[in-house]
>>> print(open('protein_5.cif').read())   # mmCIF, C-alpha atoms
data_structure
#
loop_
_atom_site.group_PDB
_atom_site.id
_atom_site.type_symbol
_atom_site.label_atom_id
_atom_site.label_comp_id
_atom_site.auth_asym_id
_atom_site.auth_seq_id
_atom_site.Cartn_x
_atom_site.Cartn_y
_atom_site.Cartn_z
ATOM 1 C CA LEU A 6 -15.881 -27.001 -32.875
ATOM 2 C CA ARG A 7 -15.489 -30.259 -34.697
ATOM 3 C CA LYS A 8 -13.243 -33.259 -34.298
ATOM 4 C CA ASN A 9 -12.959 -36.429 -36.346
ATOM 5 C CA VAL A 10 -10.858 -39.377 -35.382
ATOM 6 C CA GLU A 11 -9.750 -42.831 -36.340
ATOM 7 C CA ASP A 12 -7.856 -45.071 -33.996
ATOM 8 C CA PHE A 13 -6.390 -48.382 -33.036
ATOM 9 C CA THR A 14 -4.881 -49.791 -29.877
ATOM 10 C CA GLY A 15 -1.583 -51.459 -29.185
ATOM 11 C CA PRO A 16 -0.280 -53.194 -26.069
ATOM 12 C CA ARG A 17 2.895 -51.964 -24.383
ATOM 13 C CA GLU A 18 4.209 -53.949 -21.461
ATOM 14 C CA ARG A 19 1.184 -54.260 -19.286
ATOM 15 C CA SER A 20 -0.839 -51.161 -20.111
ATOM 16 C CA ASP A 21 -2.986 -50.338 -23.065
ATOM 17 C CA LEU A 22 -1.647 -47.706 -25.422
ATOM 18 C CA GLY A 23 -4.091 -45.986 -27.696
ATOM 19 C CA PHE A 24 -3.359 -44.221 -30.942
ATOM 20 C CA VAL A 25 -5.674 -41.519 -32.078
ATOM 21 C CA THR A 26 -5.518 -39.244 -35.090
ATOM 22 C CA PHE A 27 -7.759 -36.252 -35.228
ATOM 23 C CA ASP A 28 -8.779 -33.109 -37.005
ATOM 24 C CA ILE A 29 -9.608 -29.924 -35.160
ATOM 25 C CA THR A 30 -11.502 -27.015 -36.578
ATOM 26 C CA ALA A 31 -11.991 -24.253 -34.057
ATOM 27 C CA ASP A 32 -12.837 -20.631 -34.021
ATOM 28 C CA ILE A 33 -11.837 -18.891 -30.830
ATOM 29 C CA LEU A 34 -14.419 -16.207 -31.232
ATOM 30 C CA ASN A 35 -17.704 -15.373 -29.632
ATOM 31 C CA GLY A 36 -19.621 -13.966 -32.553
ATOM 32 C CA LYS A 37 -17.614 -10.891 -33.540
ATOM 33 C CA ILE A 38 -15.898 -10.542 -30.183
ATOM 34 C CA SER A 39 -12.542 -12.250 -29.861
ATOM 35 C CA ILE A 40 -11.704 -13.948 -26.595
ATOM 36 C CA PHE A 41 -8.354 -12.155 -26.866
ATOM 37 C CA ASP A 42 -9.216 -8.923 -25.101
ATOM 38 C CA TRP A 43 -6.690 -6.495 -23.565
ATOM 39 C CA ASN A 44 -6.225 -8.675 -20.518
ATOM 40 C CA VAL A 45 -5.653 -11.992 -22.276
ATOM 41 C CA LYS A 46 -1.995 -12.860 -22.712
ATOM 42 C CA GLN A 47 -2.449 -16.337 -24.159
ATOM 43 C CA LEU A 48 -4.677 -19.385 -24.364
ATOM 44 C CA PHE A 49 -3.393 -22.815 -23.454
ATOM 45 C CA LEU A 50 -5.471 -25.235 -25.535
ATOM 46 C CA TYR A 51 -5.535 -28.943 -24.869
ATOM 47 C CA LEU A 52 -7.364 -31.958 -26.195
ATOM 48 C CA SER A 53 -8.216 -34.429 -23.476
ATOM 49 C CA ALA A 54 -9.701 -37.896 -23.589
ATOM 50 C CA GLU A 55 -12.051 -38.833 -20.780
ATOM 51 C CA TYR A 56 -13.288 -42.363 -20.123
ATOM 52 C CA SER A 57 -13.992 -44.946 -17.414
ATOM 53 C CA THR A 58 -12.498 -48.351 -17.007
ATOM 54 C CA LYS A 59 -12.869 -51.295 -14.652
ATOM 55 C CA ASN A 60 -9.782 -50.127 -12.787
ATOM 56 C CA ASN A 61 -10.630 -46.463 -12.488
ATOM 57 C CA ALA A 62 -13.977 -44.691 -12.360
ATOM 58 C CA LEU A 63 -12.604 -41.672 -14.170
ATOM 59 C CA ASN A 64 -9.599 -41.235 -16.404
ATOM 60 C CA GLN A 65 -8.443 -38.108 -18.158
ATOM 61 C CA VAL A 66 -5.474 -38.025 -20.478
ATOM 62 C CA VAL A 67 -4.246 -34.952 -22.323
ATOM 63 C CA LEU A 68 -3.411 -36.004 -25.857
ATOM 64 C CA TRP A 69 -2.326 -32.744 -27.363
ATOM 65 C CA ASP A 70 -1.809 -29.133 -26.394
ATOM 66 C CA LYS A 71 -0.974 -25.824 -27.991
ATOM 67 C CA ILE A 72 -0.168 -22.354 -26.781
ATOM 68 C CA MET A 73 -1.982 -19.597 -28.652
ATOM 69 C CA LEU A 74 -0.611 -16.131 -27.985
ATOM 70 C CA ARG A 75 -2.505 -12.897 -28.381
ATOM 71 C CA GLY A 76 -1.935 -11.925 -31.977
ATOM 72 C CA ASP A 77 -1.848 -15.487 -33.312
ATOM 73 C CA ASN A 78 -4.449 -16.568 -35.825
ATOM 74 C CA PRO A 79 -7.597 -17.371 -33.838
ATOM 75 C CA ARG A 80 -8.755 -19.954 -36.365
ATOM 76 C CA LEU A 81 -7.498 -23.489 -35.963
ATOM 77 C CA SER A 82 -7.699 -25.895 -38.826
ATOM 78 C CA LEU A 83 -5.584 -28.919 -38.045
ATOM 79 C CA LYS A 84 -5.875 -32.135 -39.984
ATOM 80 C CA ASP A 85 -4.540 -35.598 -39.378
ATOM 81 C CA MET A 86 -2.840 -34.683 -36.137
ATOM 82 C CA LYS A 87 -1.248 -37.406 -34.079
ATOM 83 C CA SER A 88 -1.425 -37.159 -30.331
ATOM 84 C CA LYS A 89 1.561 -35.332 -28.855
ATOM 85 C CA TYR A 90 1.668 -37.488 -25.752
ATOM 86 C CA PHE A 91 1.411 -41.216 -25.293
ATOM 87 C CA PHE A 92 -2.139 -42.254 -24.565
ATOM 88 C CA PHE A 93 -1.390 -44.860 -21.902
ATOM 89 C CA ASP A 94 -4.158 -46.241 -19.794
ATOM 90 C CA ASP A 95 -3.528 -47.174 -16.180
ATOM 91 C CA GLY A 96 -4.175 -50.820 -16.942
ATOM 92 C CA ASN A 97 -5.966 -52.451 -19.832
ATOM 93 C CA GLY A 98 -9.074 -50.361 -20.029
ATOM 94 C CA LEU A 99 -8.832 -49.152 -23.622
ATOM 95 C CA LYS A 100 -9.485 -52.472 -25.327
ATOM 96 C CA GLY A 101 -13.125 -52.644 -26.323
ATOM 97 C CA ASN A 102 -13.886 -49.380 -24.563
ATOM 98 C CA ARG A 103 -16.730 -47.908 -26.550
ATOM 99 C CA ASN A 104 -16.996 -44.584 -24.891
ATOM 100 C CA ILE A 105 -13.956 -42.352 -24.931
ATOM 101 C CA THR A 106 -14.897 -38.697 -25.084
ATOM 102 C CA LEU A 107 -12.513 -36.197 -26.627
ATOM 103 C CA THR A 108 -12.963 -32.602 -25.565
ATOM 104 C CA LEU A 109 -11.114 -29.433 -26.445
ATOM 105 C CA SER A 110 -10.580 -27.117 -23.475
ATOM 106 C CA TRP A 111 -8.484 -24.088 -22.787
ATOM 107 C CA ASN A 112 -6.903 -22.172 -19.966
ATOM 108 C CA VAL A 113 -7.152 -18.404 -20.326
ATOM 109 C CA VAL A 114 -3.969 -16.754 -19.055
ATOM 110 C CA PRO A 115 -4.543 -13.055 -18.334
ATOM 111 C CA ASN A 116 -1.952 -10.324 -18.062
ATOM 112 C CA ALA A 117 -3.043 -10.196 -14.442
ATOM 113 C CA GLY A 118 -6.020 -11.693 -12.649
ATOM 114 C CA ILE A 119 -8.083 -14.858 -12.578
ATOM 115 C CA LEU A 120 -7.083 -18.011 -14.494
ATOM 116 C CA PRO A 121 -10.259 -19.609 -15.838
ATOM 117 C CA LEU A 122 -10.493 -23.059 -17.395
ATOM 118 C CA VAL A 123 -13.058 -23.312 -20.166
ATOM 119 C CA THR A 124 -14.358 -26.427 -21.866
ATOM 120 C CA GLY A 125 -15.349 -26.200 -25.503
ATOM 121 C CA SER A 126 -18.904 -26.974 -26.446
ATOM 122 C CA GLY A 127 -18.205 -29.706 -29.004
ATOM 123 C CA HIS A 128 -17.033 -33.138 -28.061
ATOM 124 C CA VAL A 129 -16.594 -36.393 -29.883
ATOM 125 C CA SER A 130 -17.080 -39.951 -28.692
ATOM 126 C CA VAL A 131 -14.526 -42.452 -29.877
ATOM 127 C CA PRO A 132 -14.792 -46.228 -29.578
ATOM 128 C CA PHE A 133 -11.711 -48.391 -29.355
ATOM 129 C CA PRO A 134 -11.737 -51.776 -31.088
ATOM 130 C CA ASP A 135 -11.834 -55.094 -29.233
ATOM 131 C CA THR A 136 -8.518 -56.348 -30.499
ATOM 132 C CA TYR A 137 -4.954 -55.253 -30.276
ATOM 133 C CA GLU A 138 -2.957 -54.320 -33.305
ATOM 134 C CA THR A 139 0.148 -56.463 -33.294
ATOM 135 C CA THR A 140 2.340 -54.810 -35.860
ATOM 136 C CA LYS A 141 3.037 -51.137 -36.046
ATOM 137 C CA SER A 142 4.368 -49.206 -38.984
ATOM 138 C CA TYR A 143 5.538 -45.633 -38.642
ATOM 139 C CA MET B 15 20.980 13.282 12.504
ATOM 140 C CA ASP B 16 17.668 14.610 13.600
ATOM 141 C CA LEU B 17 16.279 11.072 13.916
ATOM 142 C CA PHE B 18 18.521 10.180 16.839
ATOM 143 C CA GLY B 19 17.792 13.475 18.562
ATOM 144 C CA ASP B 20 14.136 12.508 18.349
ATOM 145 C CA LEU B 21 14.870 9.088 19.807
ATOM 146 C CA ARG B 22 16.660 10.484 22.858
ATOM 147 C CA ARG B 23 13.950 13.018 23.507
ATOM 148 C CA MET B 24 11.249 10.319 23.645
ATOM 149 C CA ASN B 25 10.534 9.193 27.156
ATOM 150 C CA LYS B 26 9.939 5.580 28.163
ATOM 151 C CA ARG B 27 6.176 5.766 27.785
ATOM 152 C CA GLN B 28 6.415 6.936 24.190
ATOM 153 C CA LEU B 29 8.898 4.177 23.417
ATOM 154 C CA TYR B 30 6.591 1.477 24.781
ATOM 155 C CA TYR B 31 3.752 2.996 22.741
ATOM 156 C CA GLN B 32 5.813 2.796 19.576
ATOM 157 C CA VAL B 33 6.805 -0.799 20.272
ATOM 158 C CA LEU B 34 3.190 -1.765 20.881
ATOM 159 C CA ASN B 35 2.193 -0.081 17.650
ATOM 160 C CA PHE B 36 4.813 -2.102 15.837
ATOM 161 C CA ALA B 37 3.690 -5.344 17.487
ATOM 162 C CA MET B 38 0.110 -4.619 16.463
ATOM 163 C CA ILE B 39 1.095 -4.168 12.839
ATOM 164 C CA VAL B 40 2.998 -7.441 12.837
ATOM 165 C CA SER B 41 0.120 -9.294 14.525
ATOM 166 C CA SER B 42 -2.423 -7.941 12.060
ATOM 167 C CA ALA B 43 -0.287 -9.041 9.141
ATOM 168 C CA LEU B 44 0.049 -12.506 10.651
ATOM 169 C CA MET B 45 -3.700 -12.697 11.251
ATOM 170 C CA ILE B 46 -4.459 -11.766 7.652
ATOM 171 C CA TRP B 47 -2.061 -14.460 6.453
ATOM 172 C CA LYS B 48 -3.578 -17.112 8.713
ATOM 173 C CA GLY B 49 -7.036 -16.005 7.627
ATOM 174 C CA LEU B 50 -6.042 -16.540 4.003
ATOM 175 C CA ILE B 51 -4.781 -20.021 4.840
ATOM 176 C CA VAL B 52 -8.158 -20.893 6.383
ATOM 177 C CA VAL B 53 -10.252 -19.379 3.607
ATOM 178 C CA THR B 54 -8.327 -20.964 0.750
ATOM 179 C CA GLY B 55 -7.642 -24.289 2.426
ATOM 180 C CA SER B 56 -4.033 -24.116 1.284
ATOM 181 C CA GLU B 57 -1.012 -24.072 3.591
ATOM 182 C CA SER B 58 0.596 -21.522 1.286
ATOM 183 C CA PRO B 59 -2.050 -19.508 -0.533
ATOM 184 C CA ILE B 60 0.411 -17.177 -2.227
ATOM 185 C CA VAL B 61 3.484 -18.556 -3.994
ATOM 186 C CA VAL B 62 6.191 -17.089 -6.179
ATOM 187 C CA VAL B 63 7.035 -18.784 -9.471
ATOM 188 C CA LEU B 64 10.661 -19.854 -9.214
ATOM 189 C CA SER B 65 11.446 -21.278 -12.631
ATOM 190 C CA GLY B 66 10.682 -20.762 -16.285
ATOM 191 C CA SER B 67 9.051 -24.149 -16.787
ATOM 192 C CA MET B 68 5.602 -22.641 -17.329
ATOM 193 C CA GLU B 69 6.582 -19.969 -19.801
ATOM 194 C CA PRO B 70 5.186 -18.065 -21.604
ATOM 195 C CA ALA B 71 2.276 -18.133 -19.166
ATOM 196 C CA PHE B 72 4.273 -17.582 -15.972
ATOM 197 C CA HIS B 73 7.750 -16.239 -15.548
ATOM 198 C CA ARG B 74 10.154 -16.332 -12.638
ATOM 199 C CA GLY B 75 8.993 -13.735 -10.160
ATOM 200 C CA ASP B 76 5.274 -13.917 -10.884
ATOM 201 C CA LEU B 77 2.900 -14.278 -7.961
ATOM 202 C CA LEU B 78 0.242 -17.007 -7.871
ATOM 203 C CA PHE B 79 -2.903 -17.164 -5.746
ATOM 204 C CA LEU B 80 -3.961 -20.671 -4.783
ATOM 205 C CA THR B 81 -6.961 -22.462 -3.365
ATOM 206 C CA ASN B 82 -7.020 -26.020 -2.150
ATOM 207 C CA PHE B 83 -10.618 -27.129 -1.778
ATOM 208 C CA HIS B 84 -10.751 -30.855 -1.214
ATOM 209 C CA HIS B 85 -14.255 -31.339 -2.545
ATOM 210 C CA ASP B 86 -13.100 -29.970 -5.890
ATOM 211 C CA PRO B 87 -11.425 -32.867 -7.661
ATOM 212 C CA ILE B 88 -8.172 -32.540 -9.599
ATOM 213 C CA ARG B 89 -8.799 -32.506 -13.349
ATOM 214 C CA ALA B 90 -6.608 -32.512 -16.434
ATOM 215 C CA GLY B 91 -5.566 -29.061 -17.585
ATOM 216 C CA GLU B 92 -5.510 -27.503 -14.135
ATOM 217 C CA ILE B 93 -2.398 -25.763 -12.896
ATOM 218 C CA VAL B 94 -1.338 -27.219 -9.570
ATOM 219 C CA VAL B 95 1.388 -26.307 -7.117
ATOM 220 C CA PHE B 96 2.862 -29.360 -5.450
ATOM 221 C CA LYS B 97 5.788 -30.379 -3.283
ATOM 222 C CA VAL B 98 7.694 -33.597 -3.843
ATOM 223 C CA GLU B 99 7.804 -35.662 -0.659
ATOM 224 C CA GLY B 100 10.868 -34.718 1.288
ATOM 225 C CA ARG B 101 11.570 -31.511 -0.625
ATOM 226 C CA ASP B 102 10.598 -28.009 0.297
ATOM 227 C CA ILE B 103 10.425 -26.383 -3.084
ATOM 228 C CA PRO B 104 6.935 -25.833 -4.506
ATOM 229 C CA ILE B 105 6.616 -26.670 -8.202
ATOM 230 C CA VAL B 106 4.020 -25.074 -10.459
ATOM 231 C CA HIS B 107 2.991 -27.315 -13.367
ATOM 232 C CA ARG B 108 -0.058 -28.503 -15.272
ATOM 233 C CA VAL B 109 -1.954 -31.776 -14.750
ATOM 234 C CA ILE B 110 -1.846 -33.877 -17.907
ATOM 235 C CA LYS B 111 -3.156 -37.255 -16.723
ATOM 236 C CA VAL B 112 -5.733 -38.162 -14.109
ATOM 237 C CA HIS B 113 -6.832 -41.609 -12.930
ATOM 238 C CA GLU B 114 -9.498 -41.586 -10.258
ATOM 239 C CA LYS B 115 -10.940 -44.638 -8.533
ATOM 240 C CA GLY B 116 -14.528 -44.968 -7.422
ATOM 241 C CA ASN B 117 -13.579 -44.350 -3.800
ATOM 242 C CA GLY B 118 -12.169 -40.914 -4.581
ATOM 243 C CA ASN B 119 -8.481 -41.918 -4.684
ATOM 244 C CA ILE B 120 -6.833 -39.809 -7.348
ATOM 245 C CA LYS B 121 -3.405 -40.178 -8.892
ATOM 246 C CA PHE B 122 -2.177 -37.724 -11.476
ATOM 247 C CA LEU B 123 0.806 -36.747 -13.605
ATOM 248 C CA THR B 124 2.100 -33.233 -14.198
ATOM 249 C CA LYS B 125 4.251 -31.466 -16.757
ATOM 250 C CA GLY B 126 5.554 -27.948 -17.175
ATOM 251 C CA ASP B 127 4.207 -26.230 -20.298
ATOM 252 C CA ASN B 128 7.719 -25.267 -21.292
ATOM 253 C CA ASN B 129 9.245 -28.698 -20.617
ATOM 254 C CA GLU B 130 9.617 -31.408 -23.218
ATOM 255 C CA VAL B 131 8.903 -34.285 -20.849
ATOM 256 C CA ASP B 132 6.577 -34.929 -17.941
ATOM 257 C CA ASP B 133 7.587 -34.544 -14.317
ATOM 258 C CA ARG B 134 8.369 -38.183 -13.499
ATOM 259 C CA GLY B 135 12.026 -37.208 -13.340
ATOM 260 C CA LEU B 136 11.221 -34.723 -10.594
ATOM 261 C CA TYR B 137 9.211 -37.041 -8.397
ATOM 262 C CA LYS B 138 10.730 -39.188 -5.683
ATOM 263 C CA GLU B 139 12.702 -42.277 -6.699
ATOM 264 C CA GLY B 140 10.190 -44.902 -7.833
ATOM 265 C CA GLN B 141 7.262 -42.513 -7.612
ATOM 266 C CA ASN B 142 5.229 -42.366 -10.808
ATOM 267 C CA TRP B 143 2.203 -40.363 -9.753
ATOM 268 C CA LEU B 144 1.234 -37.505 -7.499
ATOM 269 C CA GLU B 145 -1.588 -37.674 -4.989
ATOM 270 C CA LYS B 146 -3.859 -35.176 -3.283
ATOM 271 C CA LYS B 147 -1.561 -34.994 -0.304
ATOM 272 C CA ASP B 148 1.293 -33.644 -2.426
ATOM 273 C CA VAL B 149 -0.766 -30.697 -3.598
ATOM 274 C CA VAL B 150 -0.311 -27.270 -2.014
ATOM 275 C CA GLY B 151 -3.094 -25.761 -4.102
ATOM 276 C CA ARG B 152 -4.476 -24.946 -7.496
ATOM 277 C CA ALA B 153 -3.602 -21.680 -9.242
ATOM 278 C CA ARG B 154 -6.677 -19.489 -9.514
ATOM 279 C CA GLY B 155 -5.203 -16.076 -10.214
ATOM 280 C CA PHE B 156 -1.895 -14.396 -10.802
ATOM 281 C CA LEU B 157 -0.011 -11.128 -10.764
ATOM 282 C CA PRO B 158 3.120 -10.641 -12.852
ATOM 283 C CA TYR B 159 6.512 -9.466 -11.488
ATOM 284 C CA VAL B 160 5.306 -8.776 -7.919
ATOM 285 C CA GLY B 161 7.051 -11.840 -6.511
ATOM 286 C CA MET B 162 10.465 -10.650 -7.686
ATOM 287 C CA VAL B 163 10.950 -8.950 -4.311
ATOM 288 C CA THR B 164 10.943 -12.349 -2.567
ATOM 289 C CA ILE B 165 13.423 -13.782 -5.040
ATOM 290 C CA ILE B 166 15.775 -10.820 -4.608
ATOM 291 C CA MET B 167 15.522 -11.121 -0.833
ATOM 292 C CA ASN B 168 16.399 -14.811 -1.091
ATOM 293 C CA ASP B 169 19.342 -14.334 -3.402
ATOM 294 C CA TYR B 170 20.722 -11.252 -1.649
ATOM 295 C CA PRO B 171 20.154 -11.628 2.111
ATOM 296 C CA LYS B 172 21.875 -8.298 2.791
ATOM 297 C CA PHE B 173 19.022 -6.646 0.895
ATOM 298 C CA LYS B 174 16.517 -8.431 3.125
ATOM 299 C CA TYR B 175 18.179 -7.213 6.336
ATOM 300 C CA ALA B 176 18.505 -3.699 4.984
ATOM 301 C CA LEU B 177 14.823 -3.658 4.081
ATOM 302 C CA LEU B 178 13.805 -4.973 7.507
ATOM 303 C CA ALA B 179 16.037 -2.444 9.260
ATOM 304 C CA VAL B 180 14.556 0.448 7.303
ATOM 305 C CA MET B 181 10.999 -0.760 7.944
ATOM 306 C CA GLY B 182 11.696 -1.252 11.642
ATOM 307 C CA ALA B 183 13.282 2.175 11.988
ATOM 308 C CA TYR B 184 10.399 3.848 10.191
ATOM 309 C CA VAL B 185 7.747 2.237 12.370
ATOM 310 C CA LEU B 186 9.582 2.845 15.626
ATOM 311 C CA LEU B 187 10.367 6.457 14.899
ATOM 312 C CA LYS B 188 7.162 7.532 13.223
ATOM 313 C CA ARG B 189 5.177 9.752 15.524
ATOM 314 C CA GLU B 190 1.478 10.389 15.423
ATOM 315 C CA SER B 191 1.089 14.124 15.757
#
>>> encode(input="protein_5.cif", output="structure tokens")
Amino acid sequence: LRKNVEDFTGPRERSDLGFVTFDITADILNGKISIFDWNVKQLFLYLSAEYSTKNNALNQVVLWDKIMLRGDNPRLSLKDMKSKYFFFDDGNGLKGNRNITLTLSWNVVPNAGILPLVTGSGHVSVPFPDTYETTKSY
Amino acid sequence: MDLFGDLRRMNKRQLYYQVLNFAMIVSSALMIWKGLIVVTGSESPIVVVLSGSMEPAFHRGDLLFLTNFHHDPIRAGEIVVFKVEGRDIPIVHRVIKVHEKGNGNIKFLTKGDNNEVDDRGLYKEGQNWLEKKDVVGRARGFLPYVGMVTIIMNDYPKFKYALLAVMGAYVLLKRES
């Protein structure tokens, strides 16, 4: 599991808004055994950013998610993805925050039974710069 | 109409016995339900999915089993069932943002997998976040289709009464030989 990112922050009203681009390479396999056995209907994958700020001891924001159905290609190779959801902080805790951890996790949805939440083994630490970006170009 | 012949032939003692039998079944069911509430910590440990906002994971009519342990903090990615203050309908969606203070105060945002936008439109006027007190429980397990019976009974009350009448008649008239 590997992720690479580059980023910059921008202020919106009174809260920090972070922009992150990332690559994800993932293999949803355990050796030769696929996690998609007879009782797995789908996987709900999500990339979440976890960090602390002065305001809040713990923050978790889901940046991106994807539904992978049984039968879909179990190899993910995504490059230059932008976050699907706005990465707003509850306050101004992103500026200069050196330690934002991005983790890929997934929810296994069975045909019937228990709903486990699994966290992937790789994770990446991302630092945000000390200054705001004042102009944005899309 | 053999059933009614049976009923007339029963004497008072047998009738009381049947009624007590029935009451015992109802009490046991109630006790099991209350026991589940205690064990899971949730006021409603079994809920039926009412909308398609979590498809393709859950469909209308699926049954969800919840727990609500307070020492287990709410984290992003979890599927929670919550009630908006003042409304009775439980909503099953996923937590997408969590902000927790050092003292344990948590506020979080939810969104249905199948919805384009987050749930702020569903919350109370002016409410931007959910808190622990709004949570009925977290989904731990599920069974497909089983909850359809509850939905049918809600949408067609005549079906509900018919079902109750048949169940009542069966229990009252069944004889242990």
>>> atom_distance(input="protein_5.cif", atom1="atom CA of Thr54 of chain B", atom2="atom CA of Gly151 of chain B")
8.6 Å
>>> resolve_selection(input="protein_5.cif", expression="the PyMOL selection byres ((chain A) within 10 of (chain B))", output="NGL selection string")
:A and (46-72 or 74 or 90 or 92-95 or 110-123)
>>> atom_distance(input="protein_5.cif", atom1="atom CA of Leu144 of chain B", atom2="atom CA of Val52 of chain B")
23.6 Å
>>> atom_distance(input="protein_5.cif", atom1="atom CA of Leu107 of chain A", atom2="atom CA of Lys89 of chain A")
14.3 Å
>>> build_atoms(input="protein_5.cif", residues="segment 131-138 of chain B", atoms="all heavy atoms", output="mmCIF file, in the coordinates of the input")
data_model
loop_
_atom_site.group_PDB
_atom_site.id
_atom_site.type_symbol
_atom_site.label_atom_id
_atom_site.label_comp_id
_atom_site.auth_asym_id
_atom_site.auth_seq_id
_atom_site.Cartn_x
_atom_site.Cartn_y
_atom_site.Cartn_z
ATOM 1 N N VAL B 131 9.375 -33.026 -21.422
ATOM 2 C CA VAL B 131 8.903 -34.285 -20.849
ATOM 3 C C VAL B 131 8.103 -34.043 -19.587
ATOM 4 O O VAL B 131 8.147 -32.962 -18.998
ATOM 5 C CB VAL B 131 10.092 -35.225 -20.510
ATOM 6 C CG1 VAL B 131 10.822 -35.591 -21.764
ATOM 7 C CG2 VAL B 131 11.010 -34.552 -19.520
ATOM 8 N N ASP B 132 7.372 -35.087 -19.150
ATOM 9 C CA ASP B 132 6.577 -34.929 -17.941
ATOM 10 C C ASP B 132 7.474 -34.945 -16.706
ATOM 11 O O ASP B 132 8.680 -35.097 -16.800
ATOM 12 C CB ASP B 132 5.487 -36.014 -17.869
ATOM 13 C CG ASP B 132 6.085 -37.407 -17.837
ATOM 14 O OD1 ASP B 132 7.092 -37.627 -17.135
ATOM 15 O OD2 ASP B 132 5.531 -38.290 -18.516
ATOM 16 N N ASP B 133 6.834 -34.785 -15.541
ATOM 17 C CA ASP B 133 7.587 -34.544 -14.317
ATOM 18 C C ASP B 133 8.095 -35.780 -13.615
ATOM 19 O O ASP B 133 8.602 -35.676 -12.497
ATOM 20 C CB ASP B 133 6.694 -33.774 -13.329
ATOM 21 C CG ASP B 133 6.492 -32.342 -13.785
ATOM 22 O OD1 ASP B 133 7.231 -31.897 -14.671
ATOM 23 O OD2 ASP B 133 5.594 -31.687 -13.239
ATOM 24 N N ARG B 134 7.962 -36.982 -14.240
ATOM 25 C CA ARG B 134 8.369 -38.183 -13.499
ATOM 26 C C ARG B 134 9.799 -38.085 -13.011
ATOM 27 O O ARG B 134 10.145 -38.623 -11.975
ATOM 28 C CB ARG B 134 8.185 -39.427 -14.371
ATOM 29 C CG ARG B 134 6.719 -39.740 -14.547
ATOM 30 C CD ARG B 134 6.419 -41.199 -14.626
ATOM 31 N NE ARG B 134 5.010 -41.407 -14.362
ATOM 32 C CZ ARG B 134 4.109 -41.746 -15.286
ATOM 33 N NH1 ARG B 134 4.487 -41.919 -16.522
ATOM 34 N NH2 ARG B 134 2.845 -41.901 -14.962
ATOM 35 N N GLY B 135 10.643 -37.379 -13.767
ATOM 36 C CA GLY B 135 12.026 -37.208 -13.340
ATOM 37 C C GLY B 135 12.170 -36.378 -12.083
ATOM 38 O O GLY B 135 13.181 -36.449 -11.387
ATOM 39 N N LEU B 136 11.138 -35.588 -11.769
ATOM 40 C CA LEU B 136 11.221 -34.723 -10.594
ATOM 41 C C LEU B 136 10.675 -35.394 -9.349
ATOM 42 O O LEU B 136 10.969 -34.994 -8.229
ATOM 43 C CB LEU B 136 10.390 -33.457 -10.825
ATOM 44 C CG LEU B 136 10.912 -32.430 -11.816
ATOM 45 C CD1 LEU B 136 9.885 -31.328 -11.975
ATOM 46 C CD2 LEU B 136 12.207 -31.823 -11.330
ATOM 47 N N TYR B 137 9.833 -36.404 -9.561
ATOM 48 C CA TYR B 137 9.211 -37.041 -8.397
ATOM 49 C C TYR B 137 10.267 -37.832 -7.635
ATOM 50 O O TYR B 137 11.397 -38.010 -8.073
ATOM 51 C CB TYR B 137 8.086 -37.983 -8.829
ATOM 52 C CG TYR B 137 6.952 -37.320 -9.566
ATOM 53 C CD1 TYR B 137 6.032 -38.065 -10.278
ATOM 54 C CD2 TYR B 137 6.788 -35.934 -9.571
ATOM 55 C CE1 TYR B 137 4.983 -37.483 -10.955
ATOM 56 C CE2 TYR B 137 5.747 -35.342 -10.257
ATOM 57 C CZ TYR B 137 4.855 -36.121 -10.947
ATOM 58 O OH TYR B 137 3.815 -35.542 -11.633
ATOM 59 N N LYS B 138 9.831 -38.356 -6.494
ATOM 60 C CA LYS B 138 10.730 -39.188 -5.683
ATOM 61 C C LYS B 138 11.119 -40.435 -6.475
ATOM 62 O O LYS B 138 10.403 -40.863 -7.367
ATOM 63 C CB LYS B 138 9.958 -39.613 -4.431
ATOM 64 C CG LYS B 138 10.812 -39.699 -3.183
ATOM 65 C CD LYS B 138 9.953 -39.848 -1.957
ATOM 66 C CE LYS B 138 9.109 -41.104 -2.009
ATOM 67 N NZ LYS B 138 8.665 -41.468 -0.643
#
